[in-house]
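Heads up: the structure comes next, in structure tokens.
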Amino acid sequence: MSFAPSSAPPCANVPAGAAPGTANSPAAPAAFARRGTALRDFFFAANGASLRRAFEALALPDAPPLPPVAAWDEEEYLFNRLFVGPGPVAVPPYASVYLEPERRLMGEATLFAREAYAALGLASPWQGSVPDDHIGLELDAALAVFDALRQGRTDVSPTGTPRPAAEDLAAWWDAFVAGHMAAWVPSFLDALRRAGATSAVMGRAGDDLARWLADAAPLGRGAFSLPAQPATKRGAV
């Protein structure tokens, strides 16, 4: 597993046309993984075509229909203004901005994310160019752990080293997703709703990220049958 959109963890094999189910049914984990993958690719989009593909991947059986989009070139321009640049961006997609007192990049949250990936044997291929606490990288790591836990595996990295125990992966989920991500993503979404208020595309992506996070928060404690862990601002992996 590497932090690249093309190397996403595979989703569950759900028969075509399967109806969405409860949290314990086969369809719900698949929808959760597919939503997370689409969101990761959305925030990693390199151009209008990849932005559109990622957005259209949010059309899931358990979700409302996607809104019509009149002009994708305008959405690409807005995406760059919000998240990429050039110049200052309206909605920085980095945890440090929302967790550090001075709203700065490359703060303690960035180091925390890098160390969390290293605990799994992972490293961002964009170290030095994209901060490790980018929302797309954090989603990618969470998806890798979710996939491993669903399949009863303990290998997350391509080499399988290190091989944390299953209970350690669930504790990682509690610290990183239910703790760290839950501490900053809501503020990121508030900024997105304000800056992207005129865009149905940005609004829908924000709504889906909020839903993904709400579905994700209890998984370490519930789906993987471990005791409740206290959610801290950053946690400890």
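Identifiers in the structure tokens: chain A, B, ... in order shown; residue index from 1 per chain; ligand index from 1 in order shown.
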Rows by chain and residue number, segment 15-108 of chain A within 7 Å of segment 140-148 of chain A, shortest pair, only C-alpha atoms, as JSON lines:
```
{"residue": "A:Ala33", "atom": "CA", "partner": "A:Leu143", "partner_atom": "CA", "distance": 6.7}
{"residue": "A:Gly36", "atom": "CA", "partner": "A:Leu143", "partner_atom": "CA", "distance": 7.0}
{"residue": "A:Arg40", "atom": "CA", "partner": "A:Asp140", "partner_atom": "CA", "distance": 6.5}
```
For the contact check between segment 130-209 of chain A and segment 74-92 of chain A, emit one row per residue of segment 130-209 of chain A within 9 Å, containing the shortest atom pair and the distance in Å rounded to one decimal, counting only C-alpha atoms, chain then rising number order, as a Markdown table.
```
| residue | atom | partner | partner_atom | distance |
| --- | --- | --- | --- | --- |
| A:His134 | CA | A:Pro92 | CA | 8.7 |
| A:Phe188 | CA | A:Val91 | CA | 6.9 |
| A:Leu189 | CA | A:Val91 | CA | 8.7 |
| A:Ala191 | CA | A:Val91 | CA | 5.9 |
| A:Leu192 | CA | A:Val91 | CA | 6.0 |
| A:Ala195 | CA | A:Ala90 | CA | 6.6 |
| A:Gly196 | CA | A:Leu82 | CA | 7.6 |
| A:Ser199 | CA | A:Glu75 | CA | 7.6 |
| A:Val201 | CA | A:Glu75 | CA | 7.4 |
| A:Met202 | CA | A:Phe79 | CA | 8.1 |
```
- request: Pick out each residue of segment 7-210 of chain A that DSSP on the backbone tags as alpha helix (DSSP H); I need them as a count of residues only.
  value: 100
